[in-house]
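One structure is given here, and the rest of the page talks about it.
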Amino acid sequence: MFAYYLDLALHSLKRNKVLTALMVLAIAVGIGASMTTFTVLHVLSGDPLPGKSGKLYYPQIDPQDVRGMMPGTLPPEQVTLIDGMNLLRAKHADRQALMFGGAVPIRPDSSALDPFYVEARFTSADFFAMFDAPFLYGRGWTGADDDARARDVVITRKLDDKLFNGADSVGHTMQIGDNTFRIVGVLDDWRPNPHFYDLNTGSYNYFEQVFLPLQTALELHFEHNGSNDCWGNGAGGAGGVYPSAPCVWLQFWVELDNPAKAAAYKQFLIHYSEEQKALGRFQRAPNVRLDNLMQWLDYNGVVPSDVRLQAWLAFGFLLVCLLNTVGLMLAKFLRRSGELSVRRALGASRRALFAQLLTESGVIGIAGGAGGLMLAMLGLWMVRHRPSDYAALAHLDPAMLLVTFALAIGASLLAGMLPAWRACNVAPALQLKSN
Amino acid sequence: MDILPILATLRRHKIIIWLLMLEIALSCAIVCNGVYLIVQRIQRMDMPSGVAEHELVQIQQAPITLPPDRYARAKGDLAALQQIPGVEAVGMTNQVPFGGSSSNGNVMLVPTQPHPTLNAATYFGENLLPAFGLRLVSGRALANDDYANADTVLKSLADGSGEGFPMPTIISQALATRLWPQQNPLGKLLWLAPKANFRVVGVVATLARANAYHTATAQYSMIIPLHMGADKDQSYLIRTRPDERQRVLAAAATVLKRADPARVITHARTYDEIRSDYFQDDRAMAGMLVSVIVAVLLVTGLGIVGLASFWVAQRRKQIGIRRALGATRSDILRYFQTENFLIVTFGIVLGMVLAYGLSLWLMARYELPRLPLSYLPAGAIALWLIGQAAVLGPALRAAAVPPVVATRSV
């Protein structure tokens, strides 16, 4: 039966080529535009560490002076060096990492390569295990290395390729500025997007190539990249001078295996704030927050508002296209009242006619979906060639591919539903007589 | 033209008319708000920087090993750059307008006030007025003995001695007007920290921030005479003739490399590139909005063509009867045109309400200003034109139906 309906549908579609093309095109363009923007939105609002993100938390405390304090003021988005070190050493979470970003000069041994700068992350030992960073060779440094200010470094596969032609470089040394570091590990490709653990360096497509112990970096005065917020007489640094004590400029992350531990850690932060206030370091009443990773991304609004706006815009456009298709289908189906009445008079049930008409709109949906998919790929290709920092991430994933087709067919069936229902309700006798 | 018979006919096609009206209304809402968004983006892209944009180049370097004295290094570099033929002025800065990476401070008018008055960009560096090409509107430029070394100032702040303050500063006209409306800003004091105060010695016409997110605060800037020394966060500015920029940039890279072969040139670009980079997302957004508006109008127009063609085909017999009864071709033509005008008008009325609602939603969600009412007629006219253009073809075909059709059966 379906084959017969399909045959009828194709026959009817062929009769009105221009109109059919118009309907298919409208659906294709609408679907193409929305899928392009939805895919970008979907990619950008994705979870950078699926499965792990629920256990990672970003503690915020408020060490600022009382000036400018208002009820409901949110605590700063980073920590001071003193608080960061205190919380790190308290080891109150299952794992914890304190960090800041920077750039370091690499001096390759080979004279064929000029010296160059790479982005670096200065952090503590738990970083790699907390964030599931995959090691290709070797492993991270230990907590003892942190305290010993070891000249240990973890590099990425990309840098390993550049400096050692991809060979296992663990145990080799490399020159960072005037200092010799020992390579302890090489990370496999690891590109968490967004760059959740430090959003100040740009949210997307920012990757460090060198990781080394925080205390080593502080000792060697490696330069800090990122933002700092100061109060009182605090001042941001310059060159190798770090921001002064009343400034927040480091990021601190903890891993807490279950919600109960998270609640307990929040209590610990309140307790810590009270303790610091008793000591005279803090002036404000405890003002703490503890977001998990996805909440933290949401709190920071990492997805550019333009991308959301574009998605809504494309959705509005899809709506216009669908209304357009519904109108055209309605006109077309109603015009075929005569033909449908003949079939009804010959014994076809209303349901059969309905199925026949929906088959026809379904065919339009599939054609529109295929067209839309091609347009979406073209759209994403265009997005990738834009200079935005998130451009390179715009790829269609299988989930969005399915959504494209589901949306196109669903939309066209929906668009066919009303016209089909109307057309089926024509009284056959009346229609036949009038003809 | 008799409107009543048209309305009577339209009433018999309620669903299709409603669909078409909804489509037109939605298009109208999208077009009105879209055009307004485009205008906003274009205005943003036109934001003045205050610098001599077509004469300016920026070159940024990073040392591989730190120089023993970064202040001496900066001085040496500047002197070497000045020697390049065709160079009109050289300077050094921690940021450039629309450069992205920024340095800002919270400005207070009294050191004890609980909340800062506003946030302003803090430009540090050498010879900024001539190098940027800023226009001084009152007061004086900065002189050599106004300058202090960054370390000294940071130390004075850290130990709370306040030594060396107040320092002279030059502020932008916008900042002066905002801080001291109707008053002479020269000689006034402002604070960036309880121990760090600055005396206004000059006012420049315009100087935009490096991260000008909001138009209202984009021009709040101050220049502080600090020797920053050569490090990778500072950049050299060179002013030259527009057609000499590429040559000067190349020469500058060579000169800097010669002074210290172990350094990396991280940025070498003209100011035009800086502006273009900064506003790239706005340009892309404006482009996207233009395509969506064109596509919406096109789809709506084609939809009208399709529906009108159907109606013409459906009513061939009736048209023939009307013609046989004495209606002229132009009567038929006008019938379809009026019909279209009515439908589009209903759609537009609905669309105005929708456009306004959409604007309110955008205001709440994206902090956009309210849609000015003058955009509504613009959207309406666009849709009327599209409607009339779309219906013309089918209407002409209708007008061409000969009266003899009336006598034929199907």
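Letters A, B, ... mark the chains of the structure tokens in the order given; residue numbers begin at 1 per chain; ligand numbers begin at 1, in order shown.
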Let's see if you can do this: from backbone DSSP, list all alpha helix (DSSP H) residues in segment 183-381 of chain B, as a PyMOL selection string. chain B and resi 245-259+271-278+280-314+316-324+329-366+375-381
Tell me, as a VMD selection string, which residues lie within 9 Å of Ser244 of chain A, counting only C-alpha atoms; anything in the same chain fewer than 2 positions away does not count. (chain A and resid 80 230 233 to 237 241 to 242 246 to 248) or (chain B and resid 154 158)
Just write the chosen residues, N, CA and C atoms, as an mmCIF file, in the first residue's frame.
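For reference, result-v9.cif as written:
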```cif
data_model
loop_
_atom_site.group_PDB
_atom_site.id
_atom_site.type_symbol
_atom_site.label_atom_id
_atom_site.label_comp_id
_atom_site.auth_asym_id
_atom_site.auth_seq_id
_atom_site.Cartn_x
_atom_site.Cartn_y
_atom_site.Cartn_z
ATOM 1 N N THR A 80 43.157 34.529 45.765
ATOM 2 C CA THR A 80 44.467 35.126 45.975
ATOM 3 C C THR A 80 45.485 33.996 46.114
ATOM 4 N N CYS A 230 41.882 43.576 41.878
ATOM 5 C CA CYS A 230 42.519 44.004 43.115
ATOM 6 C C CYS A 230 41.590 44.929 43.881
ATOM 7 N N ASN A 233 44.966 48.848 48.139
ATOM 8 C CA ASN A 233 46.119 49.345 47.401
ATOM 9 C C ASN A 233 46.734 48.270 46.514
ATOM 10 N N GLY A 234 45.971 47.213 46.270
ATOM 11 C CA GLY A 234 46.484 46.138 45.425
ATOM 12 C C GLY A 234 46.741 46.631 44.017
ATOM 13 N N ALA A 235 47.718 46.026 43.350
ATOM 14 C CA ALA A 235 48.020 46.411 41.981
ATOM 15 C C ALA A 235 48.395 45.174 41.192
ATOM 16 N N GLY A 236 47.908 45.128 39.975
ATOM 17 C CA GLY A 236 48.244 44.019 39.093
ATOM 18 C C GLY A 236 49.729 44.055 38.781
ATOM 19 N N GLY A 237 50.273 42.939 38.398
ATOM 20 C CA GLY A 237 51.711 42.888 38.166
ATOM 21 C C GLY A 237 52.097 43.400 36.803
ATOM 22 N N VAL A 241 56.639 40.432 37.639
ATOM 23 C CA VAL A 241 56.135 40.795 38.963
ATOM 24 C C VAL A 241 54.678 40.367 39.047
ATOM 25 N N TYR A 242 54.335 39.568 40.068
ATOM 26 C CA TYR A 242 52.969 39.067 40.163
ATOM 27 C C TYR A 242 52.059 40.096 40.822
ATOM 28 N N PRO A 246 46.552 41.819 47.842
ATOM 29 C CA PRO A 246 45.100 42.001 47.743
ATOM 30 C C PRO A 246 44.585 41.898 46.304
ATOM 31 N N CYS A 247 44.963 40.848 45.604
ATOM 32 C CA CYS A 247 44.488 40.646 44.231
ATOM 33 C C CYS A 247 44.109 39.183 44.075
ATOM 34 N N VAL A 248 43.031 38.905 43.361
ATOM 35 C CA VAL A 248 42.727 37.520 42.995
ATOM 36 C C VAL A 248 43.185 37.311 41.553
ATOM 37 N N LEU B 154 54.739 50.502 41.874
ATOM 38 C CA LEU B 154 54.148 49.284 42.446
ATOM 39 C C LEU B 154 54.615 49.115 43.895
ATOM 40 N N ALA B 158 52.483 48.962 47.250
ATOM 41 C CA ALA B 158 52.506 47.763 48.076
ATOM 42 C C ALA B 158 52.817 48.109 49.533
#
```
Counting only C-alpha atoms, what is within 8 Å of segment 361-373 of chain B, bar same-chain residues fewer than 6 positions away, as a PDB file with N, CA and C atoms, in the first residue's frame?
```pdb
ATOM      1  N   SER A 305      26.630  35.403  23.401  1.00  0.00           N
ATOM      2  CA  SER A 305      25.203  35.699  23.256  1.00  0.00           C
ATOM      3  C   SER A 305      24.821  35.820  21.785  1.00  0.00           C
TER       4      SER A 305
ATOM      5  N   ASN B  33      13.133  43.904  13.555  1.00  0.00           N
ATOM      6  CA  ASN B  33      14.160  43.748  14.582  1.00  0.00           C
ATOM      7  C   ASN B  33      15.529  43.487  13.967  1.00  0.00           C
ATOM      8  N   TYR B  36      17.085  46.650  12.728  1.00  0.00           N
ATOM      9  CA  TYR B  36      17.548  47.443  13.870  1.00  0.00           C
ATOM     10  C   TYR B  36      18.860  46.876  14.429  1.00  0.00           C
TER      11      TYR B  36
END
```
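Residue-level contact on chain A: within 6 Å of chain B, counting only C-alpha atoms, the set is A:Arg67, A:Gly68, A:Pro105, A:Gly177, A:Gly232, A:Asn233, A:Gly239, A:Val320, A:Leu323, A:Asn324, A:Gly327.
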For segment 142-144 of chain A, work out the shell of residues within 9 Å, counting only C-alpha atoms and skipping chain neighbours fewer than 5 positions away, then give it as a PDB file with N, CA and C atoms, in the first residue's frame.
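In the end it all went to part.pdb:
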```
ATOM      1  N   SER A 124      49.233  22.388  40.119  1.00  0.00           N
ATOM      2  CA  SER A 124      49.733  21.442  41.113  1.00  0.00           C
ATOM      3  C   SER A 124      49.435  20.014  40.683  1.00  0.00           C
ATOM      4  N   ALA A 125      49.992  19.046  41.405  1.00  0.00           N
ATOM      5  CA  ALA A 125      50.093  17.665  40.926  1.00  0.00           C
ATOM      6  C   ALA A 125      48.771  17.004  40.544  1.00  0.00           C
ATOM      7  N   ASP A 126      47.668  17.316  41.277  1.00  0.00           N
ATOM      8  CA  ASP A 126      46.411  16.613  41.033  1.00  0.00           C
ATOM      9  C   ASP A 126      45.750  16.986  39.705  1.00  0.00           C
ATOM     10  N   ARG A 149      59.667  22.291  44.390  1.00  0.00           N
ATOM     11  CA  ARG A 149      59.825  23.211  43.255  1.00  0.00           C
ATOM     12  C   ARG A 149      60.648  22.536  42.152  1.00  0.00           C
ATOM     13  N   ALA A 150      60.285  21.306  41.858  1.00  0.00           N
ATOM     14  CA  ALA A 150      61.038  20.505  40.889  1.00  0.00           C
ATOM     15  C   ALA A 150      60.999  21.167  39.521  1.00  0.00           C
TER      16      ALA A 150
END
```
Using only C-alpha atoms, which protein or nucleic acid residues come within 12 Å of Ala406 of chain A? Drop anything in the same chain fewer than 4 positions from it, and give the result as a PDB file with C-alpha atoms, in the first residue's frame.
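Here's the written file selection_36.pdb:
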```
ATOM      1  CA  ILE A  31      16.327  23.388   8.189  1.00  0.00           C
ATOM      2  CA  MET A  35      20.775  23.201  11.930  1.00  0.00           C
ATOM      3  CA  GLY A 362       6.732  13.076   4.007  1.00  0.00           C
ATOM      4  CA  GLY A 365      10.196  16.360   4.165  1.00  0.00           C
ATOM      5  CA  ILE A 366      12.847  13.800   3.194  1.00  0.00           C
ATOM      6  CA  GLY A 368      13.888  18.982   2.259  1.00  0.00           C
ATOM      7  CA  GLY A 369      15.880  17.230   4.982  1.00  0.00           C
ATOM      8  CA  ALA A 370      18.497  16.038   2.509  1.00  0.00           C
ATOM      9  CA  GLY A 372      18.821  20.999   4.556  1.00  0.00           C
ATOM     10  CA  LEU A 373      21.639  18.680   5.529  1.00  0.00           C
ATOM     11  CA  ALA A 399      23.216  13.379  17.047  1.00  0.00           C
ATOM     12  CA  MET A 400      22.647  16.643  15.204  1.00  0.00           C
ATOM     13  CA  LEU A 401      22.518  14.738  11.902  1.00  0.00           C
ATOM     14  CA  LEU A 402      19.624  12.664  13.235  1.00  0.00           C
ATOM     15  CA  GLY A 410       8.510  15.949  11.530  1.00  0.00           C
ATOM     16  CA  ALA A 411       8.061  19.512  10.385  1.00  0.00           C
ATOM     17  CA  SER A 412       6.812  18.551   6.935  1.00  0.00           C
ATOM     18  CA  LEU A 413       4.456  15.888   8.334  1.00  0.00           C
ATOM     19  CA  LEU A 414       3.160  18.501  10.729  1.00  0.00           C
TER      20      LEU A 414
END
```
Distance in Å - atom CA of Gly84 of chain A versus atom CA of Tyr272 of chain A: 11.8 Å
Taking only residues of segment 22-58 of chain B that have an atom at most 10 Å from an atom of segment 134-147 of chain B, what is each one's shortest atom pair and its distance in Å to one decimal, using only C-alpha atoms, in chain and number order, as a tab-separated table?
```
residue	atom	partner	partner_atom	distance
B:Ser49	CA	B:Leu134	CA	9.5
B:Gly50	CA	B:Leu134	CA	6.1
B:Val51	CA	B:Leu134	CA	5.5
B:Ala52	CA	B:Leu134	CA	7.3
```
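Nearest to Val79 of chain A of all the residues A:Leu218, A:Val288, A:Val153, A:Leu41 is A:Val288, based on only C-alpha atoms.
Taking atom CA of Ala415 of chain A as the reference point, atom CA of Leu383 of chain B is found at 23.7 Å.
Every protein, DNA or RNA residue with an atom at most 8 Å from segment 177-191 of chain B, where only C-alpha atoms count and chain neighbours fewer than 3 positions away do not, is listed here: Val107, Met108, Leu109, Val110, Pro111, Ser138, Gly139, Gln173, Ala174, Pro194, Lys195, Ala196, Asn197, Phe198, Arg199, Val200, Val201, Gly202 and Val203 of chain B.
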Residues near Leu385 of chain B, anyone? I mean within 12 Å using only C-alpha atoms, not counting same-chain ones fewer than 4 positions away, as JSON, numbers by chain. {"B": [297, 298, 300, 301, 337, 340, 341, 344, 345, 378, 379, 380, 381, 389, 390, 391, 392]}
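Interatomic distance, atom CA of Leu87 of chain A against atom CA of Asn179 of chain A: 29.1 Å.
Between Ser53 of chain A and the candidates A:Asp397, A:Asp306, A:Asp145, A:Asp132, the tightest atom-to-atom separation, counting only C-alpha atoms, involves A:Asp132.
Distances here use only C-alpha atoms; by that measure, the residue among A:Leu309, A:Phe268, A:Gly379, A:Ala148 closest to Val29 of chain A is A:Gly379.
Residue nearest Arg15 of chain A, chosen from A:Ala103, A:Arg336, A:Trp381, A:Glu208 and counting only C-alpha atoms: A:Arg336.
Nearest to Pro108 of chain A of all the residues A:Lys162, A:His92, A:Arg335, A:His395 is A:Lys162, based on only C-alpha atoms.
Residue nearest Cys32 of chain B within the list B:Leu7, B:Ala89, B:Ile321, B:Val353: B:Val353 [criterion: smallest interatomic distance, only C-alpha atoms].
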